[in-house]
Each structure stands twice: as structure tokens, then as C-alpha cells.
Amino acid sequence: MELQSLTLSEFKRFSHTFTVDHLTPGLNLFVGPNEAGKSTLVTAIRSAFFERYRSSKLEYLQPWQQGNTAPTVDIRFTHEGKQYRLLKSFMAKKRCVLTIDGTTYEGDDAEQRLESLLGFTYAAKGNSKPAQQGIPGLLWIQQGEAQDIAAPVSHASDRIRSVLESMVGEVSSSSGDQLIQQVENLRNELVTPANRKPRGEYAQALSEKASLTDEIAALKAQITAYESYVDELARLHNDIRADEQEDRQGQLTRQLNEAETKLADVQRQQRELDEQHQQLAQRKQRHSEVIEQLLAHDNDVREQQQRQQVLEEKQATLTAQDTARIKLEEHVQSLKEALKKQRHSLVSARNKERWQSLRQQQAQTKQQISQLENRISTVEKAQKALKALEAKLYKVAIDANAVNQLESAQQQLTHLTIQLNSKAPLLTYRLNEGQRLTLGNTTIEGAGQYRLLDTETLVLPDIGEITLTPGNSDLDSLVDQKQAQEAQVGTLLETLGVTSLEDAKKRLDDYRELERETFHARTRLEAQAPEGLDALKTTHLQLQHEADTLQQQLSAIDTSDFETSDKANPSGNDDTTNQLPVAATDIHTLEQEEASLKTRLDEKNTLLHQAQVALEGTTATVQILQAELERAQQKLASEERVTRQRELSTASVSLKAEITTYEKHLATLQTELKDVNPSLLEQDVQRLNQSLQHFLQAQQDRKNRQIKLETLLENLGAQGLEEQVAHLAPKQAQASQRCEEFKRREAALNLLLGKLQSKRQQLVQQLQAPLLEKINHYLRLLFPEAQLTLNEQLIPQALKRLQGQGESAGDIEQLSFGAREQLGVISRLAYADLLKASGHPTLLILDDALVNADSERLTQMKRILYDASSRHQILIFSCHPAYWNDLGVEARTMASLTPLEEKI
């Protein structure tokens with residue numbers, strides 16, 4: 001199948017007629033940027049074949065925002081020497097015409113023949129779905145879908161399989177599939193299909209066998225336990241008799257009593273030793289306290305002497321501090337009087353400086369008021385001139401957009417007039433002198449020309465009438481357009497209030513000139529008064545108020561201390577600029593002197609305060625020392641203290657004698673306990689006590705265990721365990737035999753199913769061989785030493801490649817996007833080769849495919865496409881012209897494809 005031409009009309013972005021012709025049998029490359037119309041051409045081909053002409057769901061084929069149109073596709077192609085033409089219109093004019101070598105088929109009959117020819121089906125309702133697009137859906141690759149191969153192949157698998165079977169003969173048998181299914185069903189009755197887990201009778205037999213085996217094992221375990229219980233009971237009897245013969249309880253009890261007696265004696269001696277230690281410590285503590293009290297009496301005498309010496313030193317210091325304080329008070333008073341005089345001079349200088357400053361401010365304010373009054377006058381004049389310009393501007397105002405519309409409408413009217421004159425017939429006449437004729441509503445005479453715009457009647461006196469009709473079908477439309485355009489021009493002239501386009505342009509120029517003058521006047525006004533005239537007047541009032549305030553402040557200043565020259569010219573018109581620095585210098589000097597005096601006064605006040613604080617502190621210290629000295633003298637001279645001193649001396653001698661006696665007794669006790677270890681005796685008691693308790697507990701546990709074993713053995717002996725085992729053994733053997741039968745049956749069915757499936761796989765491989773041969777033809781160019789495997793639905797499944805010394809295989813879906821895209825293209829080429837060999841029409845379309853291929857892979861793919869183009873027509877659409885400049889064919893740009901109406 002080879003396309004020869006493609007013509008579109010009112011189809012998506014092509015609102016006018018658009019044609020693509022001179023298509024070659026092999027490669028056809030179309031390039032252009034995005035939105036150039038490449039995908040629209042692909043959509044047109046697919047819609048012409050896949051969509052029913054009667055469908056009402058194809059609004060997306062109409063030009064944008066243009067309703068009531070009839071998207072039309074006209075395709076001319078050949079197949080097996082026959083010439084085909086498909087003309088299909090949608091929506092507003094639904095029509096389908098198929099012409100084959102001059103024979104025409106229309107409507108549903110035409111679409112049925114297209115289905116049969118190309119191998120697809122139409123949708124019963126709605127738009128075409130991928131599942132219905134069959135062979136063309138596989139070979140016509142849409143943008144971004146080259147990597148998807150599974151679904152398109154599955155939609156075309158029936159036709160591909162029929163082609164393969166016709167090439168290799170009938171190699172699959174439906175009866176064979178039925179046999180495999182029957183064997184598989186029988187096998188599935190025994191085990192589950194997924195994990196081969198037993199089910200049904202097989203599972204029931206295994207469950208019964210396991211139950212019997214578990215029951216027998218439990219009985220045998222009980223028999224074994226019974227025998228072990230008998231042996232354990234005999235051992236318990238022997239252990240109890242041995243304990244009674246050896247009297248182990250009596251031995252442990254006697255040893256415990258002896259250890260407890262020894263421990264009690266040692267603990268008594270240890271308590272006595274601890275009491276003696278405590279008494280000795282108390283005596284030593286009391287002796288230390290007595291010694292400290294005796295030493296304290298001697299310390300009191302020494303402290304009294306030290307207090308007397310300190311008191312005398314403090315009294316001398318007090319006298320010196322009082323003399324220094326009197327001198328500081330006299331100095332401070334002198335500094336205060338000097339500071340008072342300095343401050344009076346400073347106040348007078350500051351008043352003078354302020355008076356001069358206010359006079360200067362008053363002069364500056366009056367100058368500003370004068371300048372502002374001049375500025376207000378200028379602004380008022382400019383504002384008046386601006387209002388006059390704005391009034392003129394309002395009178396000549398005109399809309400520039402409306403003028404542009406008028407000019408555009410006038411140009412269109414002129415263009416329509418030229419078109420009308422070029423297409424309307426021109427009637428040239430020359431009548432004899434004195435002769436006249438009536439043509440429509442016009443009387444003609446002499447010689448001239450008449451443009452025939454509509455059907456007119458030429459009256460021939462005494463002869464009859466001739467009706468003249470223009471032959472151009474577009475003339476009526478042009479006349480209507482001209483009349484409409486004349487009406488629009490008249491409306492615009494009336495709206496603008498002018499009589500002609502030239503009048504409108506002149507008025508617009510006048511308006512723009514006045515607008516510029518107004519702008520400049522407004523700019524000058526804004527420069528002179530950025531905030532407006534009212535703001536200037538407000539500022540004038542503020543300055544006047546400020547001048548009045550300054551005058552009030554000047555009047556409030558006392559000038560009695562000023563010199564006569566300073567008071568001159570009270571109006572403030574003289575220049576006081578030179579006087580201010582001198583006054584400022586005097587004030588600065590006075591301020592420095594005042595600060596110096598204040599600093600000196602503060603320093604003296606600080607020293608005076610410190611001297612007073614020191615004097616007060618020393619006075620308080622002297623008073624405290626005198627009081628302490630008197631109390632110490634009274635304390636040392638008291639009779640009670642003397643008596644206490646004698647008592648402490650006697651107690652010291654007595655306590656020393658008691659300490660010696662206790663130390664001797666403690667030495668004797670320590671000698672007696674030297675070789676005795678109380679902690680070992682305590683451990684012996686604890687050890688023997690625990691041993692006795694453990695023996696008694698073990699003896700009781702053996703007796704309890706003896707009773708429990710006797711009861712348990714009595715119960716087990718009554719159950720007849722060995723008889724039960726003998727009864728269950730034949731049932732277990734029978735269940736095991738049944739399970740083996742099911743197992744052998746499963747193995748036989750698995751073996752049979754494996755052989756049947758192996759045979760069927762051989763037949764499938766034989767069926768796939770022609771297709772794999774076609775695929776490998778291209779695959780070797782892209783992936784050397786690689787092989788592609790197909791599943792039973794003839795869909796590419798896995799790619800095997802050599803790696804090092806081994807082989808690796810991976811699912812197609814695990815490959816990169818670019819690799820899957822390349823395999824998708826070469827697989828479609830292989831399917832096309834297969835279909836071509838069986839006489840099926842093939843056409844390949846690649847819409848922006850292979851955009852994810854690197855340069856090396858793209859080079860290989862171009863070799864593959866060039867090879868395939870010798871057998872098939874291939875249409876390639878791309879927005880990357882540089883990728884295909886070495887494809888071997890001329891690239892046709894979308895811009896170079898000219899609409900038919902422009903060629904005419």
C-alpha cells in the first residue's frame with residue numbers, strides 16, 4: 001500500500017484546503033516545529049480510515065472555534081496495482097466515498113471494504129478504540145507510543161497468526177488444546193494450579209493419614225512415658241530408704257545447734273566490747289570539752305588586752321578625721337558661691353544668644369514669605385493657562401482607535417472596490433449621436449463604460465430587452481461585503497463627527513498637538529507646585545504664623561543685661577551673622593568654667609561625704625569597742641567564773657584516770673576475740689540452716705512425686721495403650737497406600753501434561769519462526785548477538801544478550817525507555833515484512849518516534865529504516881530536522897506545503 005496524496009479541508013488547524021502530494025514509495029520525511037501540523041496530518045490519516053463518517057463525536061476534528069464545518073480528508077493510494085481514492089467528510093457534511101479503479105462505493109459499503117482491506121474494525125458506537133484498530137493501529141505509531149508494543153500486537157494478533165499459519169501450514173490443533181486442558185483439569189482436581197497443593201480426595205487422604213500417624217505417635221509416646229515413670233518411682237523408693245538409714249536430718253540439726261551456740265557467745269563478747277568503746281569515747285569527748293573551756297578562759301584575757309589597744313588606735317583616728325572634715329566644709333562653701341556667680345553669667349549669655357538666633361530666624365522667615373508669595377502668583381497664572389488648554393482639548397477630542405478603525409475600514413472598502421471592479425464584467429458602449437438606451441435604472445448615451453455588478457435589463461426601443469447577468473459567482477458576495485463595509489465606514493464617520501478620513505486625521509493631529517501642549521503646561525505646573533496651589537497657600541499661612549511666633553518669643557526675652565548695640569534695630573533687618581559666633585564662644589567658655597566648678601564641687605562634696613561617713617563609722621566603732629571592753633572586764637572579774645575555773649581543773653584530772661581504766665579493759669577483750677571471726681560463724685549458721693531446709697523440702701518433694709507417679713501409673717495401666725496401637729496400625733497402612741496411589745496419579749498426569757505442553761511449544765516455535773526471522777533481521781543491526789523471544793500471543797517478551805562468557809536475559813519492560821522505543825519500531829517493521837509477504841497492505845507511520853535514542857543508536861535505526869523502505873512506504877514526522885539530515889531522502893518542511901487556494 002502506497003499513499004500518493006493527502007488533501008485536508010476544514011480539518012483541525014487547516015481551516016482551508018491543504019494538500020500533501022508527490023509521496024514516494026519508500027521514505028517520506030516531514031519536518032517542522034511544534035504546532036506546525038505534523039500530528040494533524042497523522043490524525044487525518046487515522047480518522048479517514050478508523051472513524052465512521054456517521055459519527056457525531058468528532059468535534060475535535062473541526063477547526064478551533066469554528067462550528068458547523070465539515071472536516072474532510074481525501075486520500076489517494078495504490079495497492080497490488082489498483083488505484084484507490086478515499087473521500088470522507090465528517091460532522092456538517094457526513095459522507096464516505098471509496099473509488100477502486102473507477103468503481104465507486106459509498107457509505108457503509110465503502111467502510112466495510114476498508115475494514116476488509118486493512119484489517120481493522122469500526123466501533124459500533126462512539127469513537128474508534130485502540131482494540132479495534134488492528135493492523136494499522138500496530139503499524140501507525142502515534143507520538144509518544146513507539147515503546148508500547150504489547151497492546152497493539154494483541155489487537156492485531158488474529159490477523160498476524162492467520163498470516164503465519166498460511167505461511168507454515170496448520171501447526172496448531174484445537175483438539176490438542178482441548179486434550180491439554182482435560183489433562184490439566186484432571187491434574188487440578190488433585191492439586192491446586194498455582195502451588196501444586198493437594199486438594200479434594202487427595203488432601204482428605206493425606207489428612208486422614210497424618211491424623212492416624214499422629215494418634216499412633218501419641219500412644220507410643222504415652223507407652224514410653226509409662227515405662228520412664230516406673231523407673232523413676234523405683235529410684236524415689238531407694239532415695240527415701242537411704243535417707244532414713246543415714247539419719248541425714250538428725251546430723252544436720254545437731255550441726256546447726258552447735259554453730260548457733262558458738263555464734264551467740266561471740267556476739268555477747270562483741271556487744272560488751274562495743275559498749276566499752278562507747279564509754280571510752282564519751283569520756284574522751286568530755287575531757288576534750290573541759291580542756292577547751294580552760295583554754296577559752298585564757299583566750300578571754302588575751303582578747304581583753306587586744307581590745308584595749310584597738311580602742312586607743314581608733315580614738316586617735318577619730319580626732320584626725322574630724323579635723324579634715326572641717327577643712328572640707330569650708331572649701332565646699334567657697335566653691336558653691338563661685339558656681340552661683342558663674343551660672344548667672346551663663347544664663348545671661350544664653351538669653352543673648354537666643355535673642356540673636358530668633359532675630360535671624362525672623363529675617364529668614366520673612367524672606368521665605370516674600371519668595372512664596374511670588375511663587376503663588378506664578379502658579380495661579382500657569383493654572384489658568386492650563387485650564388484654557390484643557391477646554392480647547394475637550395472641544396477637539398477624538399478617539400484615535402476609532403480613527404484607526406475608520407482607516408482600516410476605508411482600506412478594506414478600497415480593496416473590495418478593486419476586487420469588485422476586477423471581477424465584475426465591463427460593458428463598453430458607443431451610441432450614435434442622439435441615441436440613448438436604458439440599462440437597469442441608468443440611461444446611457446454617447447460613449448463610455450459600465451461596470452455590471454448585478455443582473456441588469458438593457459431596453460432596446462422597438463426591438464425588445466436583453467438581460468445581462470455577471471458570470472462570476474463570487475460577485476454577489478463581494479457586493480454585499482462592499483455595502484456592509486460602506487455602512488461601517490458611514491457609521492464610524494458619524495460617530496467621530498467628521499465627513500471624511502482626511503478630516504478625521506487632521507482633527508486627530510490637532511488633538512494630539514493640543515494634548516502635547518497641555519502635557520507640557522501640566523508638567524511645568526507640577527514642577528512649580530508638585531503638591532498643588534492649596535499646599536503652597538497652606539505653607540504661606542504656616543510661615544506667617546511662624547513669623548508671629550518668633551516675634552512673641554523675642555518680646556518675651558529680658559534684654560536688660562544686653563549692651564546697647566545688641567538692642568539696636570529691633571525689627572531684625574540688620575545682619576547679625578557675625579555676632580552669633582562670638583556669643584557662642586562666650587557661652588562655650590562660660591559652660592566650660594561652670595562644668596569645671598561643678599566637677600570640683602562634686603569632687604569636694606564626695607570627699608566631704610566620705611569624710612563624714614568615715615567619721616561616723618569610726619565614732620560607732622569606738623563606742624562599740626568601749627562597750628565590749630567594759631563587758632569583758634566585768635566578766636573576768638566575776639566570782640562565778642573563778643569557781644567554774646576550779647571545777648574544770650578537778651574534772652580534767654578525774655576524766656583522765658577513767659580513760660586509762662577503760663583502755664586497759666578494752667585491750668583484754670580484744671585479745672580474747674582476736675582469733676574469732678563472727679562473719680564465718682554467721683555463714684556457718686546460714687549454710688547449715690539452708691541445707692536442712694533444702695533437705696526437708698527435697699524429702700517432701702520426693703514423697704509428693706511418689707504419690708503422683710503411683711496415681712499416674714495406675715491410670716495409664718488401665719487404658720490399654722499397646723492394644724490401641726495394634727488396632728490403629730492397619731488403618732494407617734491403608735491410608736498410606738491410598739496416598740501413594742494419589743501421588744503416582746499426580747506424577748503421571750504431570751508427566752503427560754509436560755509432554756503435551758512441550759509438543760505444543762514446539763508447534764508454537766514453528767509458528768513463530770518466520771516472524772522471529774524477520775525480527776532478527778533488524779535486531780542484529782541494533783543489538784549484535786542478541787535474540788528476541790515471543791510469547792504465545794506473538795508479543796515480544798524478553799531480550800537475550802551475550803555478556804562476557806555468559807548470557808543474560810531480561811524482560812522487555814525492564815529495558816530503558818529509549819531501548820523499548822527502538823525495539824517497538826523494529827518489531828513493527830518485522831510485522832510489516834511478514835504482512836507484506838502475505839499480500840497484506842502495509843504502510844508505516846512514525847510520528848516523532850525515536851526521540852530518546854542516542855546518536856549511535858539513531859544511526860543504526862536510520863540504517864534499519866532505509867533498509868525497510870525498500871519494501872514499505874514509511875512516513876516520518878519529526879520536529880528535529882538535524883536528527884534526519886543523513887536519512888537519504890529530502891526533508892519536506894511543513895512551511896513548504898502550500899494550500900491549494902494560494903496556488904490558484
# chains A, B, ... in the order shown; residues from 1 in each chain; ligands from 1

call {"tool": "select_by_dssp", "arguments": {"residues": "stretch 234-459 of chain A", "states": "alpha helix (DSSP H)", "output": "number ranges by chain"}}
result
A: 234-246, 248-395, 400-423

call {"tool": "residues_around", "arguments": {"residues": "A:Gly490", "least_positions_apart": "5", "cutoff": "10 Å", "atoms": "only C-alpha atoms", "output": "MDAnalysis selection string"}}
result
chainID A and resid 406 409:410 484:485 495:496 498:500

call {"tool": "write_last_selection", "arguments": {"atoms": "all heavy atoms", "output": "JSON list (two decimals), in the first residue's frame"}}
result
[["chain", "number", "residue", "atom", "x", "y", "z"],
["A", 406, "LEU", "N", -11.49, 53.47, 11.34],
["A", 406, "LEU", "CA", -12.02, 54.11, 10.13],
["A", 406, "LEU", "C", -11.03, 53.93, 8.98],
["A", 406, "LEU", "O", -11.42, 53.59, 7.85],
["A", 406, "LEU", "CB", -12.27, 55.60, 10.40],
["A", 406, "LEU", "CG", -12.72, 56.43, 9.19],
["A", 406, "LEU", "CD1", -14.04, 55.90, 8.64],
["A", 406, "LEU", "CD2", -12.84, 57.91, 9.58],
["A", 409, "ALA", "N", -11.13, 50.32, 7.91],
["A", 409, "ALA", "CA", -12.37, 50.05, 7.18],
["A", 409, "ALA", "C", -12.34, 50.67, 5.79],
["A", 409, "ALA", "O", -12.80, 50.07, 4.81],
["A", 409, "ALA", "CB", -13.56, 50.57, 7.98],
["A", 410, "GLN", "N", -11.75, 51.89, 5.68],
["A", 410, "GLN", "CA", -11.65, 52.56, 4.38],
["A", 410, "GLN", "C", -10.75, 51.75, 3.44],
["A", 410, "GLN", "O", -11.03, 51.60, 2.25],
["A", 410, "GLN", "CB", -11.10, 53.97, 4.58],
["A", 410, "GLN", "CG", -11.10, 54.82, 3.33],
["A", 410, "GLN", "CD", -12.50, 55.11, 2.83],
["A", 410, "GLN", "OE1", -13.34, 55.54, 3.61],
["A", 410, "GLN", "NE2", -12.79, 54.86, 1.56],
["A", 484, "ALA", "N", -21.76, 46.35, 3.11],
["A", 484, "ALA", "CA", -21.59, 46.28, 4.57],
["A", 484, "ALA", "C", -20.42, 47.15, 5.02],
["A", 484, "ALA", "O", -20.49, 47.83, 6.06],
["A", 484, "ALA", "CB", -21.36, 44.82, 5.00],
["A", 485, "GLN", "N", -19.35, 47.13, 4.21],
["A", 485, "GLN", "CA", -18.17, 47.93, 4.57],
["A", 485, "GLN", "C", -18.48, 49.42, 4.46],
["A", 485, "GLN", "O", -18.02, 50.22, 5.27],
["A", 485, "GLN", "CB", -17.00, 47.54, 3.66],
["A", 485, "GLN", "CG", -15.64, 47.95, 4.19],
["A", 485, "GLN", "CD", -15.30, 47.24, 5.47],
["A", 485, "GLN", "OE1", -15.72, 46.11, 5.68],
["A", 485, "GLN", "NE2", -14.56, 47.90, 6.36],
["A", 495, "THR", "N", -19.99, 58.61, 14.00],
["A", 495, "THR", "CA", -19.58, 58.53, 15.41],
["A", 495, "THR", "C", -18.50, 59.55, 15.72],
["A", 495, "THR", "O", -18.51, 60.20, 16.77],
["A", 495, "THR", "CB", -19.06, 57.11, 15.73],
["A", 495, "THR", "OG1", -20.11, 56.17, 15.46],
["A", 495, "THR", "CG2", -18.64, 57.01, 17.19],
["A", 496, "LEU", "N", -17.56, 59.70, 14.80],
["A", 496, "LEU", "CA", -16.46, 60.64, 15.02],
["A", 496, "LEU", "C", -16.85, 62.08, 14.75],
["A", 496, "LEU", "O", -16.12, 63.01, 15.12],
["A", 496, "LEU", "CB", -15.26, 60.26, 14.13],
["A", 496, "LEU", "CG", -14.57, 58.93, 14.47],
["A", 496, "LEU", "CD1", -13.54, 58.59, 13.41],
["A", 496, "LEU", "CD2", -13.90, 59.02, 15.84],
["A", 498, "VAL", "N", -17.14, 63.54, 11.70],
["A", 498, "VAL", "CA", -16.35, 64.08, 10.59],
["A", 498, "VAL", "C", -17.00, 63.66, 9.28],
["A", 498, "VAL", "O", -17.87, 62.78, 9.24],
["A", 498, "VAL", "CB", -14.90, 63.58, 10.66],
["A", 498, "VAL", "CG1", -14.21, 64.12, 11.91],
["A", 498, "VAL", "CG2", -14.84, 62.05, 10.67],
["A", 499, "THR", "N", -16.53, 64.26, 8.21],
["A", 499, "THR", "CA", -17.11, 63.95, 6.91],
["A", 499, "THR", "C", -16.24, 63.02, 6.08],
["A", 499, "THR", "O", -16.72, 62.44, 5.10],
["A", 499, "THR", "CB", -17.34, 65.26, 6.13],
["A", 499, "THR", "OG1", -16.08, 65.96, 6.01],
["A", 499, "THR", "CG2", -18.34, 66.16, 6.87],
["A", 500, "SER", "N", -14.95, 62.91, 6.46],
["A", 500, "SER", "CA", -14.06, 62.07, 5.67],
["A", 500, "SER", "C", -12.91, 61.60, 6.55],
["A", 500, "SER", "O", -12.71, 62.09, 7.67],
["A", 500, "SER", "CB", -13.51, 62.85, 4.46],
["A", 500, "SER", "OG", -12.67, 63.92, 4.92]]

call {"tool": "closest_residue", "arguments": {"among": "A:Gly126, A:Leu607, A:Gln342, A:Ile291", "to": "A:Lys327", "atoms": "only C-alpha atoms"}}
result
A:Leu607

call {"tool": "atom_distance", "arguments": {"atom1": "atom CA of A:Gln178", "atom2": "atom CA of A:Leu794"}}
result
20.8 Å

call {"tool": "residues_around", "arguments": {"residues": "A:Ala614", "least_positions_apart": "3", "cutoff": "10 Å", "atoms": "only C-alpha atoms", "output": "count of residues only"}}
result
13

call {"tool": "closest_residue", "arguments": {"among": "A:Ile149, A:Val825, A:Leu389, A:Leu98", "to": "A:Gln797", "atoms": "only C-alpha atoms"}}
result
A:Ile149

call {"tool": "residues_around", "arguments": {"residues": "stretch 185-192 of chain A", "least_positions_apart": "3", "cutoff": "8 Å", "atoms": "only C-alpha atoms", "output": "list of chain:residue names"}}
result
A:Gln181, A:Gln182, A:Asn195, A:Arg196, A:Lys197, A:Pro198, A:Arg199, A:Gly200, A:Glu201, A:Tyr202, A:Ala203, A:Phe742, A:Glu746, A:Leu749, A:Asn750

call {"tool": "write_last_selection", "arguments": {"atoms": "N, CA and C atoms", "output": "compact mmCIF listing (two decimals), in the first residue's frame"}}
result
# COMPACT_ATOMS: atom_id res chain seq x y z
N GLN A 181 -6.08 -29.24 28.05
CA GLN A 181 -6.96 -28.68 29.06
C GLN A 181 -7.59 -29.78 29.92
N GLN A 182 -7.98 -30.92 29.26
CA GLN A 182 -8.57 -32.02 30.02
C GLN A 182 -7.57 -32.60 31.00
N ASN A 195 0.34 -23.56 43.31
CA ASN A 195 1.47 -24.08 44.10
C ASN A 195 1.45 -25.60 44.26
N ARG A 196 0.62 -26.29 43.47
CA ARG A 196 0.56 -27.77 43.47
C ARG A 196 0.24 -28.32 44.87
N LYS A 197 -0.63 -27.64 45.59
CA LYS A 197 -1.03 -28.09 46.92
C LYS A 197 -2.18 -29.08 46.79
N PRO A 198 -2.10 -30.28 47.44
CA PRO A 198 -3.17 -31.29 47.33
C PRO A 198 -4.52 -30.70 47.70
N ARG A 199 -5.54 -31.22 47.00
CA ARG A 199 -6.89 -30.76 47.23
C ARG A 199 -7.85 -31.93 47.09
N GLY A 200 -9.10 -31.77 47.48
CA GLY A 200 -10.14 -32.79 47.30
C GLY A 200 -9.82 -34.09 48.03
N GLU A 201 -10.04 -35.22 47.30
CA GLU A 201 -9.83 -36.54 47.90
C GLU A 201 -8.37 -36.76 48.28
N TYR A 202 -7.47 -36.22 47.47
CA TYR A 202 -6.04 -36.36 47.76
C TYR A 202 -5.72 -35.68 49.09
N ALA A 203 -6.19 -34.47 49.28
CA ALA A 203 -5.94 -33.76 50.53
C ALA A 203 -6.60 -34.45 51.70
N PHE A 742 -2.64 -41.73 45.01
CA PHE A 742 -2.88 -40.36 44.54
C PHE A 742 -1.58 -39.72 44.06
N GLU A 746 -0.86 -38.20 40.33
CA GLU A 746 -0.43 -36.82 40.09
C GLU A 746 0.83 -36.80 39.23
N LEU A 749 -0.03 -37.62 35.61
CA LEU A 749 -0.69 -36.50 34.93
C LEU A 749 0.31 -35.37 34.65
N ASN A 750 1.23 -35.11 35.58
CA ASN A 750 2.23 -34.07 35.36
C ASN A 750 3.14 -34.44 34.19

call {"tool": "residues_around", "arguments": {"residues": "A:Arg451", "least_positions_apart": "6", "cutoff": "8 Å", "atoms": "only C-alpha atoms", "output": "PyMOL selection string"}}
result
chain A and resi 421+424-427

call {"tool": "write_last_selection", "arguments": {"atoms": "N, CA and C atoms", "output": "PDB file, in the first residue's frame"}}
result
ATOM      1  N   ASN A 421     -14.293  45.558  -9.062  1.00  0.00           N
ATOM      2  CA  ASN A 421     -14.054  46.066 -10.412  1.00  0.00           C
ATOM      3  C   ASN A 421     -13.287  45.049 -11.255  1.00  0.00           C
ATOM      4  N   ALA A 424     -16.093  42.096 -11.807  1.00  0.00           N
ATOM      5  CA  ALA A 424     -17.364  42.451 -12.470  1.00  0.00           C
ATOM      6  C   ALA A 424     -17.122  42.705 -13.966  1.00  0.00           C
ATOM      7  N   PRO A 425     -18.007  42.213 -14.865  1.00  0.00           N
ATOM      8  CA  PRO A 425     -17.863  42.444 -16.318  1.00  0.00           C
ATOM      9  C   PRO A 425     -17.914  43.949 -16.629  1.00  0.00           C
ATOM     10  N   LEU A 426     -17.116  44.357 -17.590  1.00  0.00           N
ATOM     11  CA  LEU A 426     -17.067  45.764 -18.007  1.00  0.00           C
ATOM     12  C   LEU A 426     -17.754  45.894 -19.379  1.00  0.00           C
ATOM     13  N   LEU A 427     -18.805  46.659 -19.402  1.00  0.00           N
ATOM     14  CA  LEU A 427     -19.588  46.854 -20.634  1.00  0.00           C
ATOM     15  C   LEU A 427     -19.151  48.185 -21.277  1.00  0.00           C
TER      16      LEU A 427
END

call {"tool": "residues_around", "arguments": {"residues": "A:Thr121", "least_positions_apart": "3", "cutoff": "12 Å", "atoms": "only C-alpha atoms", "output": "MDAnalysis selection string"}}
result
chainID A and resid 49:52 111:118 124:125 127:137 155:156 159

call {"tool": "closest_residue", "arguments": {"among": "A:Glu821, A:Glu275, A:Asp833, A:Asp243", "to": "A:Arg857", "atoms": "only C-alpha atoms"}}
result
A:Glu821

call {"tool": "residues_around", "arguments": {"residues": "stretch 329-331 of chain A", "least_positions_apart": "3", "cutoff": "9 Å", "atoms": "only C-alpha atoms", "output": "list in words"}}
result
Ala324, Arg325, Ile326, Ser334, Leu335, Lys336, Leu601, Lys604, Asn605 and Leu608 of chain A

call {"tool": "closest_residue", "arguments": {"among": "A:Leu58, A:Ala110, A:Phe77, A:Thr523", "to": "A:Leu843", "atoms": "only C-alpha atoms"}}
result
A:Phe77

call {"tool": "closest_residue", "arguments": {"among": "A:Ala36, A:Thr365, A:Glu2, A:Gly107", "to": "A:Leu23", "atoms": "only C-alpha atoms"}}
result
A:Glu2

call {"tool": "closest_residue", "arguments": {"among": "A:Gln814, A:Ser377, A:Asn852, A:Ser878", "to": "A:Leu799", "atoms": "only C-alpha atoms"}}
result
A:Gln814
